[in-house]
Structures are given as C-alpha cells and as structure tokens.
Amino acid sequence: MAEDIVTSIASLIQEGLLKPIGRQLRFLVHFNKNVQDLREQVDKLESVKYKVQLSIDTAKRKGEHIKLEAEKWLTDAEMVTEDARNLEDDVQKRCFNGWCPDWSSRFWLSKELSRNSIIISELHEDGNFDEVSYPVLSPRMESLPSRDFQTFESTKSAMNQIFELLKSDDSHTVCVYGMGGIGKTTLVKEVGKKAKEEKLFDEVVTAVVSQALDLIKIQGELADALGLEFKRKTVTGRASQLCERLKMEKRILIILDDVWKILDLAAIGIPLGIDHRGCKILLTTRLEHVCNVMGGQASKLRLNILDEQESWALFRSNAGSIIDSPAVNAEAREVAKKCGGLPLTLVTVGKALIDKDLDGWQEAAKQLREHKPTNIQDMDASIFACLKLSSDYLQGEEITLTFLLCCLFPEDCDIELEYLARLGMGQGCFKDVTTIDEARRRVRTLINCLKSSSLLMESDKCQGCVKIHDLCRAFAISITCTDQYQFMVKSGAGLRNWPKKDTFERCAVISLMANYISDLPVGLECPRLHTLLLGSNHGLKVFPDSFFEGMKALRVLDVGGVSQIFYNHTLHVTPLPASIQLLADLRMLHLHHRKLGDISILGKLKRLEILSLFASYIKELPKEIGELKSLRLLDLTYCRSLKKIPPNLISGLSGLEELYMRGSFQQWEVCGTTKERSIASLTEFKSLPCLAILHIEILNSQCLPKDFLLPTLLRFQIYIGAKLSFTVFTRKLKFDYPTSKKLELKGIDSPIPVGIKELLERTEDLSLICLEEGSCNILPHVGSGGFNALVSLSVRNCFEFECITNTIQRVHVVAFPNLETLHLSQLSSLRLLCIGTLPRGSFRKLKALTVEYCGRLSTLFPANMLQMLQNLERVRISWCREMQEVFQLGGILMGEECNMLLSTFRVLQLNALPQLGYVWKGLKPHLSFHNLEVFEIESCNRLRNLFQPSMAQSLSKLEYFKILDCAELEQIVAEEDEENHEPSINQADKPCLSLPKLKVLEVKGCEKLRTLFSVSTAQSLLQLKQVKISGSKELKEIISSKEGELPAVHKIVLPQLSCLKLKSLPVFESFCKGNIPFEWPSLEKVVLKKCPKMTSFAVAASDVVNHTPKLKRVRVDGKIIDYCTDLNMAINHLFKGKETELDMKATSSENVVDS
C-alpha cells in the first residue's frame, strides 16, 4: 500500500512538476541554439522582405495600387526584424561567447530568442504573396472630362430617353444611331458618366469597335477598364474569362462605340439576358440596320441634328462674340447654317474662324457655297466642305502635313507624339529644325494648334497621345489621295494580303499598319515612295530579299512586329533582306518587337538618323553600327537580350543626340582596369559632343568614370544598381523617355563614388533606395554641394538614415533650395528631418512631403525647420508608429515671417499614427490656415481633438473633411487652446468654427464623439453637399443643442446638402435636438441604417410646408419610403410607431444595396 502511494506521488511529481521544469530548463540549455535559430530566421525573413519590397517597388513604378495587407506585412516584418536586432544587441552586451554569468539574464534572453524565432517563422510564411498590388485601371467613366459637351433640349431629351431605356427590364441593349459627327460618342460618354455618378450601375466600361472588327482589341479595352489580366490567349478563352469577370458586377453598363455590323456579344464574352440580367449594353452606330439586327430586347434611338437655334448657340460659343456684330452676323449665320446642325462641323468651323474679320467670314461663306466634293465615301458633301474650310485655315504647310500624318494610323488609334516627331523628322517635314528634340517640341506645338481647332483630340487613355475623329480621318485620307500627296492608307483595315493596285509608281506614302499581311510582293516599283509603314502586321516574318529594290527613295521605314503580351524569346527570326542596303536615303528605321539575327548590314545606311530596335531580341550590336556617323537617335529600350556592345562603337556615333537603353545592355566595362577592353565603356559618352538625352541602367557603380559630367545633357534617366524587373515587360510596352534629369541609386556602397557625386549636382529628380552601410544622411554623406538643382527627392529602404541633413558635421551650405517634392519611406532609423541649424533659404520651395513607415520619427516639423517652409502645400504621413506631433509651433519667434507660416498649406492627410497626440502643438494665435482645403485623418487613436479654438475661424477654404477610426477623439474643436488652460467663462467669446467652403464631411469609427458642430458652425455650412457618419457609439446629434450654445437663430438652411448617410449610430437621436428649424432645399438622398434611438430628423418644425422639396425617397434599414413630404413625420412613423396617415408608399427593399 505504501509502495503504491510512493509510486503515485512520484508519478504526479514527474508529470506535474518535472515537465514544466524541463520546459524552463530547456531555455537555459539551448541558449546558443536559440541565438543561432533566430539569426537564421532573420536571414530568411530579410530574403522574403527583399522580394516583397522589390515587388512593391516594381508595382509602384507601374503606377499600381499596393494591397494594404502587403504594406502591413512589410511594416510588421520591419518591426519584428528591428526587435530581433535589439535582442541580439542585448545578447552581445550581456553574454560573452555564448556564456551569460547572470543565469536570470540567460533564461530571459533565451526565452525571448525562442519566442521571436516563432513569430518570425510565422511571418515568413505569411509573406508568400501571389500579388502585392492591384493592376492600374483605365480612367473610370466618371473621372473623364466632358470635353465640348453642351446640353441642349435635344440632347437632354435623348439622354432622358436613354436613361429610361437603361432602367427598363424589357431592354438589355440600347442602340443610339445617327450620321457621323452628330455627337453620338460624346453623348453616350456623358450618359455613362452620369449613370455611374447616380449609382444606376456599379461599373461603366467602354470599348471602341470600329469598322475593322477586332475581337481581341475589344476584349482588351473592356479588360483594361475592369483591371482584368487575361491568362488565356485565344479569343474563345479570353471571352470565357471576360464573361466570368463581368458576372462579378451586379449592375454593369457596357458602352460599345462605333459599331458597323452585327456583333456576336457572346464571342466577345459579354453575358446578356438570363446569363446576367444586370448587364446592359449601350452602343452607337451610323447604321439603323445594326440596331435592327441586335435582337428582340434591343431598343433604338435616333439622334437628330441640332435645330437652328441650338446650332447657332454651339457655333457662337466656339466662334466668339464677334459674330454678334451687325457687320459679321449675316455671314456668320450663313456659315453656321452650312454646317448642317452637326456638332463636329459647328465646332471645327467655329474655331477656325474665331479671329477672322469680315473679309474672312465672307470668304468662308463663299467657299462653303461653292465647294462640291465628289466620291467621298461615307461623307456628306457639306461635312467635307466644313472640314475643308477648317483645314484651309491651318497656318502653314507644317501643321497641314502633321494633320495628314495622323490619318496614317488605324481608326480610333492612340497616336503617340513621339512617333509623330520621328515620322516628321524622317520625312523632312520641319523647317529650321536642327535636332530631334527641336522636332519633338515643334510637333507638340503643332498638335496643340490642331487640338484647339478640334481637328484632333486628347487621348482619354494614354498620356502623350492624341486621337483623330473618324470623320476627320476620312476627310484627311481623301485629301491625301489627291495628286498633291499620293498617300495610300489601309492601316487597320483587316487586310490579309498586299492590296491590289495596277501600279504603285505614283505612291509617295503607303501605310498598311496593324493588318494581317504575312506575304510581301516581289518586284514592286515605287520610285516616288518615301514612307512605308508596315508595323504591327500579324504574321509578317519574312521579307523577300529583293523587296526594297524598287523603293530607293525611301526615307521612312517601319517594319516593326506586334507587341507581345509577354516578352517572347521564341519569336521567329526575321532576317533583314539584302536589298535594305540599297536605301541610301533612309533617315528613319523602326524594327520594334522583332527577333533579329545579324543586323550588320544596317551599317551601310550612311544617312540613317533614327534607328529604333525597341523591345527586339538581339544579342549583340555589331561594330558596323558604329559607322553610322549621321545617326542622331538610337533606341535600344527593352532589348533585354543585348549582352555585348563592342568597344568604341558608341564613341564612333559622333552625331548621336539621343540614346535610350532602359531595360537593355547593362554590362559596362569597369573603370580602372588595365586589360584591353572587350565591351563598351561609359567613358565613350564623353566622345559624343551632341548627346542631349540619355536613358541607361548601370548595375555596377564601379563602371562609372570619375568625370562623368557630360555637359551637353539636357535630360537623362540613369539607374545605377537598379535592374529592370521582368514584371515590367507587359503588353503595355510603350515609349518611356526622360522628361527631366533623373537619377536612381539602389544598393550603392558607401562612400558614394566620385562619378555619382558629379551627377548629383545636376540631378533634378533623385531616388535613393537601399543604400548600404555607412549612409546616415543625404547631406553631407551622399553629397555635400547643397543639391541646388534637385526638384524631387525620394528616399526608400535606407535603414541607417538618421536624418536628411546634418549641419552639425560642419556643412553649412543652403540645402535643397529648389526642392518641391520629398518622399520618405521605410526609413526605420529616421529620427529627425534635419539635425542642426539650417542656413536660410534651405527647403524654401518645398511644396509636398510624404512620410510613411518611419517608425522612430516623433516630430515631423520642429519649429526651427517650419520657419523655412514658406511654400508648403501638401503633407501626407502614414504608418509612423512613434509620431507624436506634426507641427511643433511653440518655439517659433513672433514677427512678420511668423504670420506667413503655413499660409500656402492646402492638404493634410494623416493615417495610422497610433502615438499622435497633437497635429499642431504650441499653436500661435497669429498663425492662419486660411488655404487649407483637405483634411483627412485616419487611425490616430490618441488624438482627443483636432483644432484649437484660435484656429477655428481660419479654416475658411476647407472643402473635404474626413475623420476615420479615431477612437479617442472627443471634440472637433478643443475647449481651450493648449497653452491657455483657463476655459472660456463666456461661451459667446469663444471663437466659432467656420466652414463656409466645406463640401464633403465623413466621420467613421470615432467612438467618443458626442456631437460634431455648434449651431454657429452649422450656419456657415453653405456649400456642404455630402455627409456620411457611421460607427460612432456615443454620437447623439450632429449639431449641438448644448445649453449656452444656442443663439437666437430663426432657422438654419443647408442649401447645398444633397446626400446624408447615417449608419451604425446606436444612441443617435436627431440631427439637432435644439428648438431650431432646419431646411434642406437640395436634399435628394437619405440613408439611415442601424440608428435605433433616432426619434426625429430635427426636433423643431419648419415653417416651410415642404422643407425637403427634392427628396423623393428615404432608405431606412432595408425599406424605401417614396414620396414623403415631411421627413420628421416619416422618422416618427418608423421609429415610434405612430399611426400617422402619410402619403407614402413603403416598399420592401432587400435587394437594394446601401451605397
């Protein structure tokens, strides 16, 4: 019995005591192992962190939106890594060679090491992101500008009819038809914009169809608008993927513009009818027949020409007030009448005659009376006459030729100005132009003139591009077919074979771009041909050896391939035909997107000025290219496979003005080596006396010579230590050329090489990324000259940076005197922007500052620095966990300069600052914020108020005010100024917050707010349009009814308020509980959700019979109340259950989504 008891006790001791003791002893025994494990885990995390950061950098470069979870993971990883480093420092301090004399320290450290290893291991697994960003969407319909859109009775009527048809369940397709130039495209774009604004659809997307039907192009445009990346290549596969994506949208409007024949919507991937009842189609066409064949549920609407009164109004708005003068009025009315009521011709002709005298108007009227064009397909004679008049008023041959060049591109194409400049330069269109860059400027000037004449328009998708209306294009093509020009334009016409024609001997220009021609004819005789454009022909892989024999006058040749979705190394090799060497007068040659073999034959084109191998597969640049002494522009952008450039080839191009090598050759010769050079060296650039524009990547900073000055450079983009990521190679490859002097340094060792420091003093746009150990600041460590040329500065992932400038280290130059934008991100050691006293004039032009993920920065603007910032406009701070105050104002000396502080300040955005206690600390009563327009603050949980009383009346321009998730916020305006702890005895003496320009107010998740504004503030809200308040647990009213704050006010009118949304307010009772009547003459939308205590909308009754005349419905917790005439009665009826007879109709609304 005794033995059993002893055995049981021993067992209990073993199970209950020894195991816990063993677990604790393990920390002492495995101390060294835990140290090693933590180091290994940190190394692994650093590797994952680098990959995630690289992906984020690449996504930002592409302009994509970074996912919040990826940014949060990176922040967590940085914090955990920093904690691990601090722990390792403790180990080094307390222990020697793994032995801690203090057993307590050994136990604690080992336990922390083990805990940190587990945390890092879990974080390591969470860092395996498939994607870190959202793709860039095409501009949303509601964000597009409404160019030249004017509302007339006819357009109002048409828009209303379209809206009614779109709302109807009986119609899934609305067809708008009418003659060319009548304004169909402009109208449906405006419809799409308003439909999205009014929440009729969740998404509105558009695609241009055109005469040459291209399903892949249509699918691509719709996918771009939806942010969809196709994984499949066939039309059928893409259609299936697009269909699934469209079904994700509950309500979507698809605009298909310029339809010429029946469309198989299923082949595109558009679901309709029972497949997706929320999908509606709005299409435009010139042909009524197209409307008739679109199916039984298609409705059609004819768009008619403007009547005489509307035509005159549109014409007058473009021609100017001179047409009202008696001398001109009669002629002007005749001209307007000849425009036939078409918006296109009314606008173009009006703008063409805007500055003409009576003689000019009489001549215009005469031309329109007499001109009778013939054989112009798809164009009315009067339209042609009007466009001819507009083109005749173009000043000079250059602008006319530039306009005609725009017709060489496919219909609805985005025309790149860079290509136009090269095309015009190659043809010799520009007089007195001596450089490529001068030609580029000339083209921009001419294009602006053409846009102002409405013969061209800005692209709404691509920056640096223009578009030409299909009528203007047809007109231009008709002009180029005459004997004067002799163009043959068949671009984008869907051709599969070379066009049939008796002879090409008279042709001067042939454009067959963007077709499907795979075979070229032999024996063509084109003695006058100077321009041949064959780019983007699907299937064109081989050129007959003798193809160019009959084209010896060629000056411009484009035989580029088709841009690939992915960079394709398996492209068919396109050998250059032997006859290309006969083109002795060739000036421009484009060989884009080709897999090229030996191109040494190009060395025989001695007059060649522009050579572009953009995104082509080429392994070596042959030495013969160095013989092109006339070459001005060499474009090797995205030639990723280019591994060798022979030495002295670049230096041999003595006439070179522009060199583009982004994403191309990077293996430059290292400077200082004594062996004979086998590859190109950067020192060769010093032998190029005309070099003005340079775009290159240099992986090894040691390749940079010490005297890399290149004084002739006007613009450059130089990336040192930064390799272009493969993910940049997408189907959106396009021209990307320097617009300033930009330098990016990534992973550069300290000290900074001398050659880089020489460049720094000329740089206007500087990016510093992941600078290695030893770089603690920019001035003086990176450079010591003050950076006088710098306009934009970005510093990211430089973990040892403690400040931006340090004047304690005997550097007293004026710092960054021309800097306008500053972006600081992931600087974990940054404690201050500036250490020491800055010389006067430093940062004097700084306008915008962004700071994110700088974990040790506690004060953004100390008083001594703030006095320098006389032009500060925008500040954005996010994810800085130690930030305690933004503006430190207490140490500012009073005087004239003090009154100017922050006088230009317009935008303040604060996000995720958990320790922020003050936005402005030590506020001076003389400071004014009268230009502040935007104030957004989110997740700043220590803040108790936002404004001091002395600021209250200086916010006269605040327009957008958002407060999100500030859990401790109690007041918008504090009871008393921070430095005046005596509360005001008389509330009437307290400065009143005045917001006369406020348009949008949003408050969310502010749990301690009980009210927002006083009655006096409410009286100032004359521009307020939208109010959204949600998730505030203690909010009882919006306008305070506190005793002593209710002045003698007859009523309060909020004249502009149109939308009010109140959600999740558990104790909310009323808009205002005080006995003050309110009127809302513009209120159209009210949404109330989860406001169980709300017994009335406003306590006091208004003396106006209907105080919400525009309000047609109220949405309350899944119910819609229609036709309510008294909002208070409606709220009482719902929440108090009074049996009041209201003239209303309650309808179930479970399918209505609160928006």
# chains A, B, ... in the order shown; residues from 1 in each chain; ligands from 1

call {"tool": "closest_atom_pairs", "arguments": {"of": "segment 166-234 of chain A", "to": "segment 499-515 of chain A", "cutoff": "12 Å", "atoms": "only C-alpha atoms", "output": "CSV"}}
result
residue,atom,partner,partner_atom,distance
A:Ala212,CA,A:Asn515,CA,9.6
A:Leu213,CA,A:Asn515,CA,11.5
A:Asp214,CA,A:Asn515,CA,10.4
A:Lys217,CA,A:Ala514,CA,11.4

call {"tool": "write_last_selection", "arguments": {"atoms": "all heavy atoms", "output": "compact mmCIF listing (two decimals), in the first residue's frame"}}
result
# COMPACT_ATOMS: atom_id res chain seq x y z
N ALA A 212 -13.11 47.91 -88.85
CA ALA A 212 -12.36 46.65 -88.91
C ALA A 212 -12.53 45.94 -87.57
O ALA A 212 -11.85 46.26 -86.60
CB ALA A 212 -10.89 46.93 -89.21
N LEU A 213 -13.45 45.01 -87.52
CA LEU A 213 -13.79 44.33 -86.27
C LEU A 213 -12.61 43.52 -85.75
O LEU A 213 -12.08 42.66 -86.45
CB LEU A 213 -15.00 43.42 -86.49
CG LEU A 213 -15.60 42.77 -85.24
CD1 LEU A 213 -16.13 43.83 -84.29
CD2 LEU A 213 -16.71 41.80 -85.64
N ASP A 214 -12.20 43.81 -84.51
CA ASP A 214 -11.07 43.11 -83.88
C ASP A 214 -11.52 42.71 -82.47
O ASP A 214 -11.52 43.52 -81.54
CB ASP A 214 -9.85 44.03 -83.82
CG ASP A 214 -8.61 43.32 -83.32
OD1 ASP A 214 -8.74 42.25 -82.68
OD2 ASP A 214 -7.49 43.82 -83.57
N LYS A 217 -9.01 43.22 -79.59
CA LYS A 217 -8.89 44.63 -79.17
C LYS A 217 -10.07 45.02 -78.27
O LYS A 217 -9.88 45.67 -77.24
CB LYS A 217 -8.84 45.52 -80.41
CG LYS A 217 -8.91 47.03 -80.12
CD LYS A 217 -8.80 47.80 -81.42
CE LYS A 217 -9.10 49.28 -81.21
NZ LYS A 217 -10.53 49.54 -80.96

call {"tool": "residues_around", "arguments": {"residues": "Cys291 of chain A", "least_positions_apart": "6", "cutoff": "8 Å", "atoms": "only C-alpha atoms", "output": "list in words"}}
result
Cys175, Tyr177, Thr285, Ala298, Ser299 and Lys300 of chain A

call {"tool": "residues_around", "arguments": {"residues": "segment 1083-1094 of chain A", "least_positions_apart": "5", "cutoff": "8 Å", "atoms": "only C-alpha atoms", "output": "ChimeraX atom specification"}}
result
/A:1056-1070,1108-1117,1131,1135,1154

call {"tool": "select_by_dssp", "arguments": {"residues": "segment 688-916 of chain A", "states": "helix (DSSP H, G or I)", "output": "ChimeraX atom specification"}}
result
/A:701-703,726-728,754-760,807-809,863-866,896-900

call {"tool": "select_by_dssp", "arguments": {"residues": "segment 881-1106 of chain A", "states": "strand (DSSP E)", "output": "MDAnalysis selection string"}}
result
chainID A and resid 885:888 907:911 918:921 934:938 945:947 960:964 971:973 1000:1004 1026:1030 1037:1039 1052:1053 1059:1063 1070:1072 1078:1079 1085:1089

call {"tool": "atom_distance", "arguments": {"atom1": "atom CA of Phe716 of chain A", "atom2": "atom CA of Tyr737 of chain A"}}
result
8.6 Å

call {"tool": "closest_atom_pairs", "arguments": {"of": "segment 42-80 of chain A", "to": "segment 767-783 of chain A", "cutoff": "12 Å", "atoms": "only C-alpha atoms", "output": "CSV"}}
result
residue,atom,partner,partner_atom,distance
A:Tyr50,CA,A:Cys770,CA,9.9
A:Gln53,CA,A:Cys770,CA,10.3
A:Leu54,CA,A:Ile769,CA,10.5
A:Asp57,CA,A:Ile769,CA,9.7
A:Arg61,CA,A:Ser767,CA,11.9

call {"tool": "closest_atom_pairs", "arguments": {"of": "segment 366-479 of chain A", "to": "segment 588-593 of chain A", "cutoff": "8 Å", "atoms": "only C-alpha atoms", "output": "Markdown table"}}
result
| residue | atom | partner | partner_atom | distance |
| --- | --- | --- | --- | --- |
| A:Arg422 | CA | A:Met588 | CA | 7.3 |
| A:Leu423 | CA | A:Met588 | CA | 7.4 |
| A:Gly426 | CA | A:Met588 | CA | 5.2 |

call {"tool": "write_last_selection", "arguments": {"atoms": "all heavy atoms", "output": "mmCIF file, in the first residue's frame"}}
result
data_model
loop_
_atom_site.group_PDB
_atom_site.id
_atom_site.type_symbol
_atom_site.label_atom_id
_atom_site.label_comp_id
_atom_site.auth_asym_id
_atom_site.auth_seq_id
_atom_site.Cartn_x
_atom_site.Cartn_y
_atom_site.Cartn_z
ATOM 1 N N ARG A 422 9.255 61.535 -84.807
ATOM 2 C CA ARG A 422 10.237 60.774 -85.583
ATOM 3 C C ARG A 422 9.817 60.662 -87.040
ATOM 4 O O ARG A 422 10.650 60.778 -87.955
ATOM 5 C CB ARG A 422 10.399 59.374 -84.977
ATOM 6 C CG ARG A 422 10.954 59.377 -83.563
ATOM 7 C CD ARG A 422 11.159 57.970 -83.054
ATOM 8 N NE ARG A 422 11.578 57.950 -81.659
ATOM 9 C CZ ARG A 422 11.925 56.854 -80.997
ATOM 10 N NH1 ARG A 422 11.907 55.681 -81.622
ATOM 11 N NH2 ARG A 422 12.299 56.906 -79.726
ATOM 12 N N LEU A 423 8.519 60.449 -87.247
ATOM 13 C CA LEU A 423 7.995 60.339 -88.606
ATOM 14 C C LEU A 423 8.212 61.646 -89.377
ATOM 15 O O LEU A 423 8.697 61.647 -90.514
ATOM 16 C CB LEU A 423 6.502 60.002 -88.522
ATOM 17 C CG LEU A 423 5.800 59.491 -89.762
ATOM 18 C CD1 LEU A 423 6.441 58.219 -90.270
ATOM 19 C CD2 LEU A 423 4.317 59.237 -89.450
ATOM 20 N N GLY A 426 11.902 62.193 -90.071
ATOM 21 C CA GLY A 426 12.377 61.322 -91.146
ATOM 22 C C GLY A 426 11.948 61.798 -92.509
ATOM 23 O O GLY A 426 12.701 61.698 -93.487
#

call {"tool": "closest_residue", "arguments": {"among": "A:Glu1002, A:Glu802, A:Glu873, A:Glu657", "to": "Arg831 of chain A", "atoms": "only C-alpha atoms"}}
result
A:Glu802

call {"tool": "atom_distance", "arguments": {"atom1": "atom CA of Gly492 of chain A", "atom2": "atom CA of Ser459 of chain A"}}
result
18.2 Å

call {"tool": "residues_around", "arguments": {"residues": "Leu636 of chain A", "least_positions_apart": "4", "cutoff": "10 Å", "atoms": "only C-alpha atoms", "output": "ChimeraX atom specification"}}
result
/A:592,611-616,618,621,640,642,659-665,695-696

call {"tool": "write_last_selection", "arguments": {"atoms": "N, CA and C atoms", "output": "PDB file, in the first residue's frame"}}
result
ATOM      1  N   HIS A 592      10.814  47.341 -84.328  1.00  0.00           N
ATOM      2  CA  HIS A 592      10.328  47.017 -82.986  1.00  0.00           C
ATOM      3  C   HIS A 592       9.837  45.572 -82.907  1.00  0.00           C
ATOM      4  N   LEU A 611      17.303  55.166 -85.529  1.00  0.00           N
ATOM      5  CA  LEU A 611      17.271  53.706 -85.544  1.00  0.00           C
ATOM      6  C   LEU A 611      16.681  53.232 -84.222  1.00  0.00           C
ATOM      7  N   SER A 612      15.566  52.509 -84.305  1.00  0.00           N
ATOM      8  CA  SER A 612      14.889  52.038 -83.099  1.00  0.00           C
ATOM      9  C   SER A 612      14.700  50.533 -83.164  1.00  0.00           C
ATOM     10  N   LEU A 613      15.261  49.847 -82.170  1.00  0.00           N
ATOM     11  CA  LEU A 613      15.104  48.396 -82.027  1.00  0.00           C
ATOM     12  C   LEU A 613      14.273  48.085 -80.786  1.00  0.00           C
ATOM     13  N   PHE A 614      13.357  48.930 -80.461  1.00  0.00           N
ATOM     14  CA  PHE A 614      12.547  48.877 -79.240  1.00  0.00           C
ATOM     15  C   PHE A 614      11.991  47.473 -79.008  1.00  0.00           C
ATOM     16  N   ALA A 615      12.321  46.869 -77.828  1.00  0.00           N
ATOM     17  CA  ALA A 615      11.782  45.577 -77.389  1.00  0.00           C
ATOM     18  C   ALA A 615      12.055  44.451 -78.378  1.00  0.00           C
ATOM     19  N   SER A 616      13.149  44.535 -79.090  1.00  0.00           N
ATOM     20  CA  SER A 616      13.519  43.455 -80.005  1.00  0.00           C
ATOM     21  C   SER A 616      14.534  42.527 -79.351  1.00  0.00           C
ATOM     22  N   ILE A 618      17.837  40.854 -79.561  1.00  0.00           N
ATOM     23  CA  ILE A 618      19.124  40.964 -80.242  1.00  0.00           C
ATOM     24  C   ILE A 618      20.223  40.743 -79.207  1.00  0.00           C
ATOM     25  N   LEU A 621      25.209  44.068 -80.590  1.00  0.00           N
ATOM     26  CA  LEU A 621      25.175  45.195 -81.506  1.00  0.00           C
ATOM     27  C   LEU A 621      26.454  45.152 -82.335  1.00  0.00           C
ATOM     28  N   ARG A 640      16.251  43.204 -73.889  1.00  0.00           N
ATOM     29  CA  ARG A 640      16.745  42.523 -72.697  1.00  0.00           C
ATOM     30  C   ARG A 640      17.880  41.547 -72.990  1.00  0.00           C
ATOM     31  N   LEU A 642      20.317  41.921 -75.111  1.00  0.00           N
ATOM     32  CA  LEU A 642      21.539  42.561 -75.598  1.00  0.00           C
ATOM     33  C   LEU A 642      22.642  42.442 -74.546  1.00  0.00           C
ATOM     34  N   LEU A 659      20.178  58.641 -76.787  1.00  0.00           N
ATOM     35  CA  LEU A 659      20.452  57.223 -76.616  1.00  0.00           C
ATOM     36  C   LEU A 659      19.539  56.675 -75.525  1.00  0.00           C
ATOM     37  N   TYR A 660      18.758  55.658 -75.875  1.00  0.00           N
ATOM     38  CA  TYR A 660      17.805  55.057 -74.947  1.00  0.00           C
ATOM     39  C   TYR A 660      18.138  53.578 -74.747  1.00  0.00           C
ATOM     40  N   MET A 661      18.433  53.212 -73.503  1.00  0.00           N
ATOM     41  CA  MET A 661      18.850  51.838 -73.215  1.00  0.00           C
ATOM     42  C   MET A 661      18.191  51.299 -71.950  1.00  0.00           C
ATOM     43  N   ARG A 662      17.028  51.802 -71.570  1.00  0.00           N
ATOM     44  CA  ARG A 662      16.335  51.306 -70.377  1.00  0.00           C
ATOM     45  C   ARG A 662      15.948  49.850 -70.589  1.00  0.00           C
ATOM     46  N   GLY A 663      16.258  48.983 -69.600  1.00  0.00           N
ATOM     47  CA  GLY A 663      15.919  47.571 -69.708  1.00  0.00           C
ATOM     48  C   GLY A 663      16.718  46.859 -70.774  1.00  0.00           C
ATOM     49  N   SER A 664      17.919  47.332 -71.017  1.00  0.00           N
ATOM     50  CA  SER A 664      18.726  46.796 -72.112  1.00  0.00           C
ATOM     51  C   SER A 664      20.120  46.447 -71.583  1.00  0.00           C
ATOM     52  N   PHE A 665      21.128  46.718 -72.354  1.00  0.00           N
ATOM     53  CA  PHE A 665      22.520  46.403 -72.014  1.00  0.00           C
ATOM     54  C   PHE A 665      22.928  47.074 -70.698  1.00  0.00           C
ATOM     55  N   HIS A 695      19.251  57.619 -71.500  1.00  0.00           N
ATOM     56  CA  HIS A 695      18.394  56.768 -70.658  1.00  0.00           C
ATOM     57  C   HIS A 695      19.077  55.405 -70.538  1.00  0.00           C
ATOM     58  N   ILE A 696      19.740  55.139 -69.408  1.00  0.00           N
ATOM     59  CA  ILE A 696      20.516  53.912 -69.280  1.00  0.00           C
ATOM     60  C   ILE A 696      20.395  53.319 -67.880  1.00  0.00           C
TER      61      ILE A 696
END

call {"tool": "residues_around", "arguments": {"residues": "segment 430-439 of chain A", "least_positions_apart": "5", "cutoff": "7 Å", "atoms": "only C-alpha atoms", "output": "list in words"}}
result
Glu398, Ala421, Gly424 and Met425 of chain A

call {"tool": "atom_distance", "arguments": {"atom1": "atom CA of Thr531 of chain A", "atom2": "atom CA of Pro575 of chain A"}}
result
21.0 Å

call {"tool": "residues_around", "arguments": {"residues": "Thr75 of chain A", "least_positions_apart": "3", "cutoff": "12 Å", "atoms": "only C-alpha atoms", "output": "number ranges by chain"}}
result
A: 49, 52-53, 68-72, 78-82, 123, 127, 797, 825-828, 852-855, 878-881, 912

call {"tool": "residues_around", "arguments": {"residues": "Leu824 of chain A", "least_positions_apart": "5", "cutoff": "6 Å", "atoms": "only C-alpha atoms", "output": "number ranges by chain"}}
result
A: 794-795, 851

call {"tool": "decode", "arguments": {"residues": "segment 1052-1075 of chain A", "atoms": "C-alpha atoms", "output": "short mmCIF file (atom, residue, chain, number, x, y, z; two decimals), in the first residue's frame"}}
result
data_model
loop_
_atom_site.label_atom_id
_atom_site.label_comp_id
_atom_site.auth_asym_id
_atom_site.auth_seq_id
_atom_site.Cartn_x
_atom_site.Cartn_y
_atom_site.Cartn_z
CA ILE A 1052 -30.82 77.02 -40.34
CA VAL A 1053 -30.74 76.35 -44.08
CA LEU A 1054 -28.26 73.89 -45.59
CA PRO A 1055 -28.77 74.99 -49.21
CA GLN A 1056 -26.41 72.55 -50.98
CA LEU A 1057 -26.71 69.37 -48.91
CA SER A 1058 -27.88 66.64 -51.30
CA CYS A 1059 -26.79 63.38 -49.67
CA LEU A 1060 -26.97 62.31 -46.00
CA LYS A 1061 -25.94 58.84 -44.79
CA LEU A 1062 -26.10 57.81 -41.12
CA LYS A 1063 -25.12 54.26 -40.18
CA SER A 1064 -24.40 52.29 -37.02
CA LEU A 1065 -25.10 55.09 -34.53
CA PRO A 1066 -26.62 53.26 -31.54
CA VAL A 1067 -27.51 56.35 -29.43
CA PHE A 1068 -28.12 58.85 -32.22
CA GLU A 1069 -31.39 60.73 -31.65
CA SER A 1070 -31.65 63.61 -34.10
CA PHE A 1071 -29.79 65.87 -36.50
CA CYS A 1072 -30.24 68.56 -33.86
CA LYS A 1073 -32.19 68.25 -30.61
CA GLY A 1074 -32.38 72.02 -30.15
CA ASN A 1075 -35.50 74.02 -30.93
#
